[in-house]
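J.: See protein-v5.txt below, with compact mmCIF, N, CA and C atoms.
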# COMPACT_ATOMS: atom_id res chain seq x y z
N MET A 1315 22.49 3.34 -62.94
CA MET A 1315 23.25 2.18 -62.53
C MET A 1315 22.81 0.99 -63.39
N GLU A 1316 23.77 0.33 -63.99
CA GLU A 1316 23.49 -0.82 -64.82
C GLU A 1316 23.45 -2.09 -63.96
N ARG A 1317 22.46 -2.92 -64.20
CA ARG A 1317 22.33 -4.18 -63.46
C ARG A 1317 22.63 -5.32 -64.41
N ARG A 1318 23.43 -6.26 -63.93
CA ARG A 1318 23.77 -7.42 -64.74
C ARG A 1318 23.76 -8.67 -63.88
N LEU A 1319 23.33 -9.76 -64.46
CA LEU A 1319 23.43 -11.05 -63.80
C LEU A 1319 24.78 -11.64 -64.12
N SER A 1320 25.38 -12.26 -63.15
CA SER A 1320 26.66 -12.91 -63.40
C SER A 1320 26.73 -14.21 -62.61
N GLU A 1321 27.57 -15.08 -63.05
CA GLU A 1321 27.75 -16.38 -62.39
C GLU A 1321 28.71 -16.21 -61.23
N ILE A 1322 28.34 -16.78 -60.10
CA ILE A 1322 29.21 -16.79 -58.94
C ILE A 1322 29.42 -18.24 -58.57
N LEU A 1323 30.66 -18.68 -58.57
CA LEU A 1323 30.98 -20.07 -58.34
C LEU A 1323 30.86 -20.44 -56.86
N LEU A 1324 30.48 -21.70 -56.62
CA LEU A 1324 30.37 -22.22 -55.25
C LEU A 1324 31.75 -22.33 -54.62
N PRO A 1325 31.80 -22.40 -53.30
CA PRO A 1325 33.07 -22.69 -52.64
C PRO A 1325 33.56 -24.08 -53.09
N ASP A 1326 34.87 -24.25 -53.18
CA ASP A 1326 35.44 -25.53 -53.62
C ASP A 1326 34.90 -26.70 -52.81
N GLU A 1327 34.72 -26.51 -51.51
CA GLU A 1327 34.28 -27.58 -50.63
C GLU A 1327 32.86 -28.07 -50.94
N LEU A 1328 32.07 -27.26 -51.62
CA LEU A 1328 30.69 -27.64 -51.93
C LEU A 1328 30.47 -28.03 -53.39
N LYS A 1329 31.51 -27.97 -54.21
CA LYS A 1329 31.35 -28.24 -55.64
C LYS A 1329 30.74 -29.61 -55.91
N ALA A 1330 31.11 -30.62 -55.14
CA ALA A 1330 30.64 -31.98 -55.38
C ALA A 1330 29.45 -32.35 -54.50
N SER A 1331 28.91 -31.40 -53.75
CA SER A 1331 27.81 -31.69 -52.83
C SER A 1331 26.48 -31.46 -53.51
N TYR A 1332 25.69 -32.52 -53.58
CA TYR A 1332 24.36 -32.41 -54.16
C TYR A 1332 23.40 -31.98 -53.06
N GLY A 1333 22.54 -31.04 -53.34
CA GLY A 1333 21.55 -30.59 -52.37
C GLY A 1333 20.96 -29.27 -52.80
N PHE A 1334 20.20 -28.68 -51.90
CA PHE A 1334 19.55 -27.40 -52.18
C PHE A 1334 20.36 -26.27 -51.57
N TYR A 1335 20.47 -25.19 -52.32
CA TYR A 1335 21.20 -24.01 -51.89
C TYR A 1335 20.25 -22.82 -51.88
N HIS A 1336 20.45 -21.92 -50.94
CA HIS A 1336 19.66 -20.70 -50.86
C HIS A 1336 20.62 -19.52 -50.75
N LEU A 1337 20.39 -18.50 -51.56
CA LEU A 1337 21.20 -17.29 -51.49
C LEU A 1337 20.44 -16.19 -50.78
N ARG A 1338 21.12 -15.45 -49.94
CA ARG A 1338 20.54 -14.29 -49.29
C ARG A 1338 21.67 -13.38 -48.84
N VAL A 1339 21.32 -12.20 -48.41
CA VAL A 1339 22.29 -11.26 -47.86
C VAL A 1339 22.12 -11.28 -46.35
N MET A 1340 23.21 -11.59 -45.66
CA MET A 1340 23.21 -11.60 -44.20
C MET A 1340 24.50 -10.96 -43.72
N GLY A 1341 24.40 -10.12 -42.72
CA GLY A 1341 25.59 -9.47 -42.20
C GLY A 1341 26.33 -8.64 -43.24
N GLY A 1342 25.60 -8.13 -44.24
CA GLY A 1342 26.21 -7.31 -45.28
C GLY A 1342 26.97 -8.08 -46.33
N CYS A 1343 26.90 -9.41 -46.30
CA CYS A 1343 27.62 -10.24 -47.27
C CYS A 1343 26.65 -11.18 -47.98
N LEU A 1344 27.05 -11.60 -49.18
CA LEU A 1344 26.30 -12.63 -49.88
C LEU A 1344 26.45 -13.92 -49.08
N CYS A 1345 25.35 -14.57 -48.80
CA CYS A 1345 25.37 -15.74 -47.93
C CYS A 1345 24.75 -16.92 -48.68
N LEU A 1346 25.43 -18.05 -48.66
CA LEU A 1346 24.96 -19.27 -49.29
C LEU A 1346 24.59 -20.25 -48.18
N CYS A 1347 23.34 -20.67 -48.16
CA CYS A 1347 22.87 -21.61 -47.15
C CYS A 1347 22.66 -22.96 -47.84
N PHE A 1348 23.43 -23.94 -47.44
CA PHE A 1348 23.33 -25.29 -48.00
C PHE A 1348 22.50 -26.12 -47.04
N GLU A 1349 21.43 -26.74 -47.55
CA GLU A 1349 20.51 -27.48 -46.69
C GLU A 1349 21.09 -28.77 -46.14
N GLY A 1350 22.17 -29.26 -46.71
CA GLY A 1350 22.71 -30.55 -46.30
C GLY A 1350 22.11 -31.65 -47.16
N ASN A 1351 22.71 -32.83 -47.09
CA ASN A 1351 22.23 -33.91 -47.95
C ASN A 1351 22.33 -35.29 -47.30
N GLY A 1352 22.42 -35.37 -46.01
CA GLY A 1352 22.54 -36.65 -45.33
C GLY A 1352 23.97 -37.01 -45.00
N THR A 1353 24.91 -36.67 -45.88
CA THR A 1353 26.32 -36.93 -45.59
C THR A 1353 27.06 -35.65 -45.23
N VAL A 1354 26.64 -34.54 -45.81
CA VAL A 1354 27.22 -33.23 -45.48
C VAL A 1354 26.17 -32.46 -44.70
N PRO A 1355 26.51 -31.96 -43.49
CA PRO A 1355 25.51 -31.24 -42.68
C PRO A 1355 25.16 -29.89 -43.29
N PRO A 1356 24.04 -29.32 -42.88
CA PRO A 1356 23.72 -27.96 -43.33
C PRO A 1356 24.85 -27.01 -42.98
N GLN A 1357 25.13 -26.09 -43.89
CA GLN A 1357 26.24 -25.15 -43.71
C GLN A 1357 25.82 -23.78 -44.22
N THR A 1358 26.46 -22.77 -43.66
CA THR A 1358 26.29 -21.40 -44.14
C THR A 1358 27.66 -20.86 -44.51
N TRP A 1359 27.75 -20.35 -45.72
CA TRP A 1359 28.98 -19.77 -46.23
C TRP A 1359 28.74 -18.30 -46.54
N MET A 1360 29.73 -17.45 -46.27
CA MET A 1360 29.61 -16.02 -46.56
C MET A 1360 30.72 -15.62 -47.53
N MET A 1361 30.34 -14.84 -48.55
CA MET A 1361 31.32 -14.30 -49.49
C MET A 1361 31.73 -12.93 -48.98
N LYS A 1362 32.93 -12.87 -48.42
CA LYS A 1362 33.39 -11.63 -47.77
C LYS A 1362 33.71 -10.53 -48.78
N GLU A 1363 34.15 -10.93 -50.00
CA GLU A 1363 34.43 -9.96 -51.06
C GLU A 1363 33.65 -10.39 -52.29
N TYR A 1364 32.71 -9.55 -52.71
CA TYR A 1364 31.77 -9.89 -53.77
C TYR A 1364 32.49 -10.32 -55.05
N LYS A 1365 32.04 -11.45 -55.61
CA LYS A 1365 32.55 -12.05 -56.86
C LYS A 1365 33.96 -12.61 -56.74
N VAL A 1366 34.52 -12.69 -55.54
CA VAL A 1366 35.85 -13.28 -55.36
C VAL A 1366 35.66 -14.65 -54.73
N ARG A 1367 35.80 -15.69 -55.56
CA ARG A 1367 35.52 -17.06 -55.12
C ARG A 1367 36.33 -17.45 -53.88
N SER A 1368 37.57 -17.02 -53.82
CA SER A 1368 38.42 -17.39 -52.69
C SER A 1368 37.98 -16.73 -51.38
N SER A 1369 37.04 -15.78 -51.46
CA SER A 1369 36.60 -15.12 -50.22
C SER A 1369 35.44 -15.84 -49.54
N TRP A 1370 34.94 -16.96 -50.13
CA TRP A 1370 33.92 -17.75 -49.45
C TRP A 1370 34.49 -18.24 -48.12
N THR A 1371 33.79 -18.02 -47.05
CA THR A 1371 34.22 -18.44 -45.72
C THR A 1371 33.07 -19.19 -45.07
N LYS A 1372 33.37 -20.41 -44.58
CA LYS A 1372 32.33 -21.17 -43.90
C LYS A 1372 32.04 -20.51 -42.57
N SER A 1373 30.79 -20.12 -42.38
CA SER A 1373 30.40 -19.45 -41.14
C SER A 1373 29.93 -20.45 -40.10
N PHE A 1374 29.13 -21.44 -40.55
CA PHE A 1374 28.55 -22.38 -39.59
C PHE A 1374 28.39 -23.75 -40.20
N ASP A 1375 28.63 -24.78 -39.39
CA ASP A 1375 28.20 -26.15 -39.64
C ASP A 1375 27.10 -26.39 -38.63
N PHE A 1376 25.92 -26.72 -39.07
CA PHE A 1376 24.82 -26.94 -38.15
C PHE A 1376 24.71 -28.44 -37.92
N ASP A 1377 25.10 -28.89 -36.74
CA ASP A 1377 25.16 -30.33 -36.50
C ASP A 1377 24.39 -30.78 -35.26
N ASN A 1378 23.46 -29.95 -34.76
CA ASN A 1378 22.65 -30.41 -33.64
C ASN A 1378 21.28 -30.82 -34.16
N PRO A 1379 20.51 -31.59 -33.39
CA PRO A 1379 19.23 -32.11 -33.89
C PRO A 1379 18.25 -31.05 -34.37
N TYR A 1380 18.26 -29.85 -33.77
CA TYR A 1380 17.33 -28.82 -34.19
C TYR A 1380 17.78 -28.12 -35.46
N SER A 1381 19.00 -28.36 -35.88
CA SER A 1381 19.48 -27.63 -37.05
C SER A 1381 19.68 -28.52 -38.27
N LEU A 1382 19.20 -29.75 -38.23
CA LEU A 1382 19.39 -30.63 -39.38
C LEU A 1382 18.72 -30.09 -40.63
N ASP A 1383 17.61 -29.43 -40.47
CA ASP A 1383 16.92 -28.82 -41.60
C ASP A 1383 16.83 -27.31 -41.42
N PHE A 1384 17.82 -26.73 -40.81
CA PHE A 1384 17.80 -25.32 -40.45
C PHE A 1384 18.18 -24.45 -41.63
N LEU A 1385 17.41 -23.38 -41.84
CA LEU A 1385 17.75 -22.36 -42.84
C LEU A 1385 17.74 -21.00 -42.16
N PRO A 1386 18.86 -20.30 -42.20
CA PRO A 1386 18.92 -18.98 -41.57
C PRO A 1386 18.05 -17.96 -42.28
N ILE A 1387 17.51 -17.02 -41.51
CA ILE A 1387 16.78 -15.88 -42.06
C ILE A 1387 17.65 -14.63 -41.95
N CYS A 1388 18.24 -14.43 -40.75
CA CYS A 1388 19.07 -13.24 -40.55
C CYS A 1388 19.91 -13.42 -39.29
N PHE A 1389 20.87 -12.52 -39.12
CA PHE A 1389 21.63 -12.42 -37.88
C PHE A 1389 20.95 -11.38 -37.01
N THR A 1390 20.98 -11.60 -35.69
CA THR A 1390 20.49 -10.58 -34.78
C THR A 1390 21.63 -9.61 -34.49
N ARG A 1391 21.33 -8.54 -33.81
CA ARG A 1391 22.36 -7.54 -33.51
C ARG A 1391 23.47 -8.10 -32.63
N ASN A 1392 23.15 -9.10 -31.82
CA ASN A 1392 24.20 -9.67 -30.95
C ASN A 1392 24.82 -10.93 -31.53
N GLY A 1393 24.65 -11.16 -32.83
CA GLY A 1393 25.34 -12.25 -33.51
C GLY A 1393 24.63 -13.58 -33.51
N GLU A 1394 23.44 -13.65 -32.92
CA GLU A 1394 22.68 -14.90 -32.95
C GLU A 1394 22.09 -15.10 -34.35
N ILE A 1395 21.67 -16.31 -34.63
CA ILE A 1395 21.11 -16.63 -35.94
C ILE A 1395 19.64 -16.97 -35.76
N LEU A 1396 18.80 -16.27 -36.49
CA LEU A 1396 17.37 -16.53 -36.48
C LEU A 1396 17.05 -17.25 -37.78
N GLY A 1397 16.29 -18.33 -37.70
CA GLY A 1397 15.94 -19.09 -38.89
C GLY A 1397 14.73 -19.95 -38.66
N HIS A 1398 14.51 -20.88 -39.57
CA HIS A 1398 13.39 -21.81 -39.41
C HIS A 1398 13.84 -23.20 -39.81
N ASP A 1399 13.13 -24.19 -39.30
CA ASP A 1399 13.45 -25.58 -39.65
C ASP A 1399 12.49 -26.06 -40.74
N SER A 1400 12.56 -27.33 -41.09
CA SER A 1400 11.76 -27.85 -42.20
C SER A 1400 10.26 -27.81 -41.91
N THR A 1401 9.87 -27.73 -40.65
CA THR A 1401 8.46 -27.64 -40.31
C THR A 1401 8.02 -26.18 -40.15
N LYS A 1402 8.90 -25.25 -40.55
CA LYS A 1402 8.64 -23.81 -40.49
C LYS A 1402 8.50 -23.30 -39.06
N LYS A 1403 9.15 -23.98 -38.12
CA LYS A 1403 9.17 -23.50 -36.74
C LYS A 1403 10.37 -22.58 -36.56
N LEU A 1404 10.17 -21.52 -35.80
CA LEU A 1404 11.19 -20.52 -35.58
C LEU A 1404 12.29 -21.08 -34.67
N VAL A 1405 13.55 -20.87 -35.07
CA VAL A 1405 14.69 -21.39 -34.31
C VAL A 1405 15.68 -20.24 -34.12
N ARG A 1406 16.23 -20.15 -32.91
CA ARG A 1406 17.27 -19.16 -32.62
C ARG A 1406 18.49 -19.89 -32.11
N LEU A 1407 19.64 -19.67 -32.77
CA LEU A 1407 20.89 -20.32 -32.41
C LEU A 1407 21.90 -19.27 -31.99
N ASN A 1408 22.87 -19.67 -31.17
CA ASN A 1408 23.93 -18.73 -30.82
C ASN A 1408 24.95 -18.68 -31.96
N ASP A 1409 26.00 -17.90 -31.79
CA ASP A 1409 26.97 -17.71 -32.88
C ASP A 1409 27.82 -18.95 -33.15
N GLU A 1410 27.66 -20.00 -32.34
CA GLU A 1410 28.34 -21.27 -32.58
C GLU A 1410 27.39 -22.33 -33.12
N GLY A 1411 26.15 -21.94 -33.38
CA GLY A 1411 25.18 -22.88 -33.93
C GLY A 1411 24.45 -23.72 -32.90
N LYS A 1412 24.57 -23.38 -31.63
CA LYS A 1412 23.90 -24.14 -30.57
C LYS A 1412 22.51 -23.55 -30.31
N LEU A 1413 21.56 -24.43 -30.05
CA LEU A 1413 20.17 -24.03 -29.87
C LEU A 1413 19.98 -23.14 -28.65
N LEU A 1414 19.32 -22.00 -28.85
CA LEU A 1414 18.93 -21.11 -27.77
C LEU A 1414 17.42 -21.15 -27.54
N GLU A 1415 16.67 -21.26 -28.64
CA GLU A 1415 15.22 -21.23 -28.53
C GLU A 1415 14.61 -21.91 -29.75
N HIS A 1416 13.51 -22.60 -29.51
CA HIS A 1416 12.78 -23.29 -30.59
C HIS A 1416 11.30 -23.03 -30.36
N ARG A 1417 10.68 -22.22 -31.20
CA ARG A 1417 9.28 -21.86 -31.04
C ARG A 1417 8.42 -22.67 -31.97
N THR A 1418 7.25 -23.02 -31.51
CA THR A 1418 6.36 -23.85 -32.31
C THR A 1418 5.36 -23.04 -33.13
N HIS A 1419 5.60 -21.74 -33.29
CA HIS A 1419 4.73 -20.94 -34.14
C HIS A 1419 4.96 -21.33 -35.58
N TRP A 1420 3.89 -21.62 -36.28
CA TRP A 1420 4.02 -22.04 -37.67
C TRP A 1420 4.22 -20.82 -38.55
N LEU A 1421 5.23 -20.86 -39.40
CA LEU A 1421 5.56 -19.74 -40.29
C LEU A 1421 5.35 -20.19 -41.73
N PRO A 1422 4.23 -19.84 -42.36
CA PRO A 1422 4.03 -20.28 -43.74
C PRO A 1422 5.06 -19.67 -44.69
N HIS A 1423 5.42 -18.42 -44.49
CA HIS A 1423 6.45 -17.74 -45.27
C HIS A 1423 7.13 -16.77 -44.33
N CYS A 1424 8.41 -16.57 -44.53
CA CYS A 1424 9.09 -15.62 -43.67
C CYS A 1424 10.10 -14.85 -44.50
N GLY A 1425 10.47 -13.70 -44.00
CA GLY A 1425 11.44 -12.86 -44.68
C GLY A 1425 11.89 -11.78 -43.74
N VAL A 1426 12.78 -10.96 -44.22
CA VAL A 1426 13.31 -9.87 -43.42
C VAL A 1426 12.85 -8.56 -44.02
N TYR A 1427 12.40 -7.67 -43.18
CA TYR A 1427 11.96 -6.34 -43.61
C TYR A 1427 12.92 -5.31 -43.04
N ARG A 1428 13.40 -4.43 -43.87
CA ARG A 1428 14.27 -3.37 -43.41
C ARG A 1428 13.76 -2.06 -43.98
N GLU A 1429 13.51 -1.10 -43.09
CA GLU A 1429 13.04 0.21 -43.53
C GLU A 1429 14.14 0.93 -44.28
N SER A 1430 13.75 1.66 -45.32
CA SER A 1430 14.73 2.38 -46.12
C SER A 1430 14.07 3.62 -46.72
N LEU A 1431 14.85 4.64 -46.94
CA LEU A 1431 14.36 5.83 -47.61
C LEU A 1431 14.60 5.74 -49.11
N LEU A 1432 15.27 4.69 -49.57
CA LEU A 1432 15.50 4.49 -51.00
C LEU A 1432 14.27 3.87 -51.63
N SER A 1433 13.93 4.33 -52.82
CA SER A 1433 12.79 3.73 -53.50
C SER A 1433 13.28 2.72 -54.53
N LEU A 1434 12.47 1.71 -54.76
CA LEU A 1434 12.81 0.70 -55.74
C LEU A 1434 12.52 1.22 -57.13
N PRO A 1435 13.25 0.74 -58.14
CA PRO A 1435 12.99 1.21 -59.51
C PRO A 1435 11.60 0.77 -59.97
N ASP A 1436 10.99 1.59 -60.79
CA ASP A 1436 9.65 1.31 -61.30
C ASP A 1436 9.75 0.73 -62.71
N ASP A 1437 9.45 -0.56 -62.85
CA ASP A 1437 9.50 -1.23 -64.15
C ASP A 1437 8.09 -1.45 -64.70
N SER A 1438 7.10 -0.73 -64.18
CA SER A 1438 5.70 -0.98 -64.59
C SER A 1438 5.48 -0.71 -66.07
N GLU A 1439 6.23 0.21 -66.66
CA GLU A 1439 6.02 0.49 -68.08
C GLU A 1439 6.40 -0.71 -68.95
N ASN A 1440 7.30 -1.57 -68.47
CA ASN A 1440 7.67 -2.78 -69.22
C ASN A 1440 6.54 -3.81 -69.22
N PHE A 1441 5.68 -3.76 -68.22
CA PHE A 1441 4.60 -4.74 -68.12
C PHE A 1441 3.34 -4.31 -68.86
N THR A 1442 3.24 -3.04 -69.22
CA THR A 1442 2.03 -2.57 -69.90
C THR A 1442 2.12 -2.69 -71.41
N LYS A 1443 3.26 -3.06 -71.93
CA LYS A 1443 3.44 -3.18 -73.38
C LYS A 1443 3.01 -4.53 -73.89
Rewrite the coordinates I just gave you, this time as structure tokens.

T.:
Amino acid sequence: MERRLSEILLPDELKASYGFYHLRVMGGCLCLCFEGNGTVPPQTWMMKEYKVRSSWTKSFDFDNPYSLDFLPICFTRNGEILGHDSTKKLVRLNDEGKLLEHRTHWLPHCGVYRESLLSLPDDSENFTK
């Protein structure tokens, strides 16, 4: 399988928005998390069809006090959103972006782990040269 990097354009609605963006895979789709910038609230966009710009769909506008600096980590099985805020506190929102839980456990780094029987490619020979 050949791997290539390619440019994927932002949704039209975010083209003029200055801020930080985070890419991840959530719900089986490429997901763009926009941190917000003071005038535009944090938003999550999902690309429903890979590399098709018109398939960007806004999933959430986060407009409550707990979500001003909210960054999603993953969706739960029942559609809730698990993420963290700017202080790295764990936040759980419902599928409409409303606060369900806010934990004060400090998370220095977080990520999602998924068990798989597939092995990752070994590029170690490239590093020994």

J.: Nearest to Cys1347 in chain A among A:Leu1385, A:Ile1322, A:Glu1363, A:Tyr1332, with distances taken over all atoms listed in the file: which residue is it?

T.: A:Leu1385

J.: Using CA of Arg1317 in chain A and CA of Cys1345 in chain A as the two end points, give the distance in Å to one decimal.

T.: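 So the answer is 19.6 Å.
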
J.: Which of these residues is nearest to Arg1367 in chain A, using only C-alpha atoms: A:Arg1417, A:Lys1329, A:Arg1391, A:Lys1402?

T.: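 Smallest separation from Arg1367 in chain A among the options: A:Lys1329.
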
J.: One decimal, in Å: what's the spacing between CA of Ser1373 in chain A and CA of Arg1318 in chain A?

T.: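 Atom-to-atom, CA of Ser1373 in chain A to CA of Arg1318 in chain A, that is 27.3 Å.
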
J.: How many Å lie between CA of Pro1386 in chain A and atom C of Leu1319 in chain A, rounded to one decimal?

T.: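 Spanning CA of Pro1386 in chain A to atom C of Leu1319 in chain A is a straight-line distance of 24.4 Å.
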
J.: Rank A:Thr1418, A:Pro1325, A:Val1354, A:Lys1412 by their smallest atom-to-atom distance to Thr1371 in chain A, using all atoms listed in the file, and report the top residue only.

T.: A:Pro1325

J.: Taking 6 positions as the minimum chain separation for residues in the same chain, which residues sit within 6 Å of Lys1372 in chain A when counting only N, CA and C atoms? Answer as a list in words.

T.: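 Selected residues are Thr1358, Trp1359 and Met1360 of chain A.
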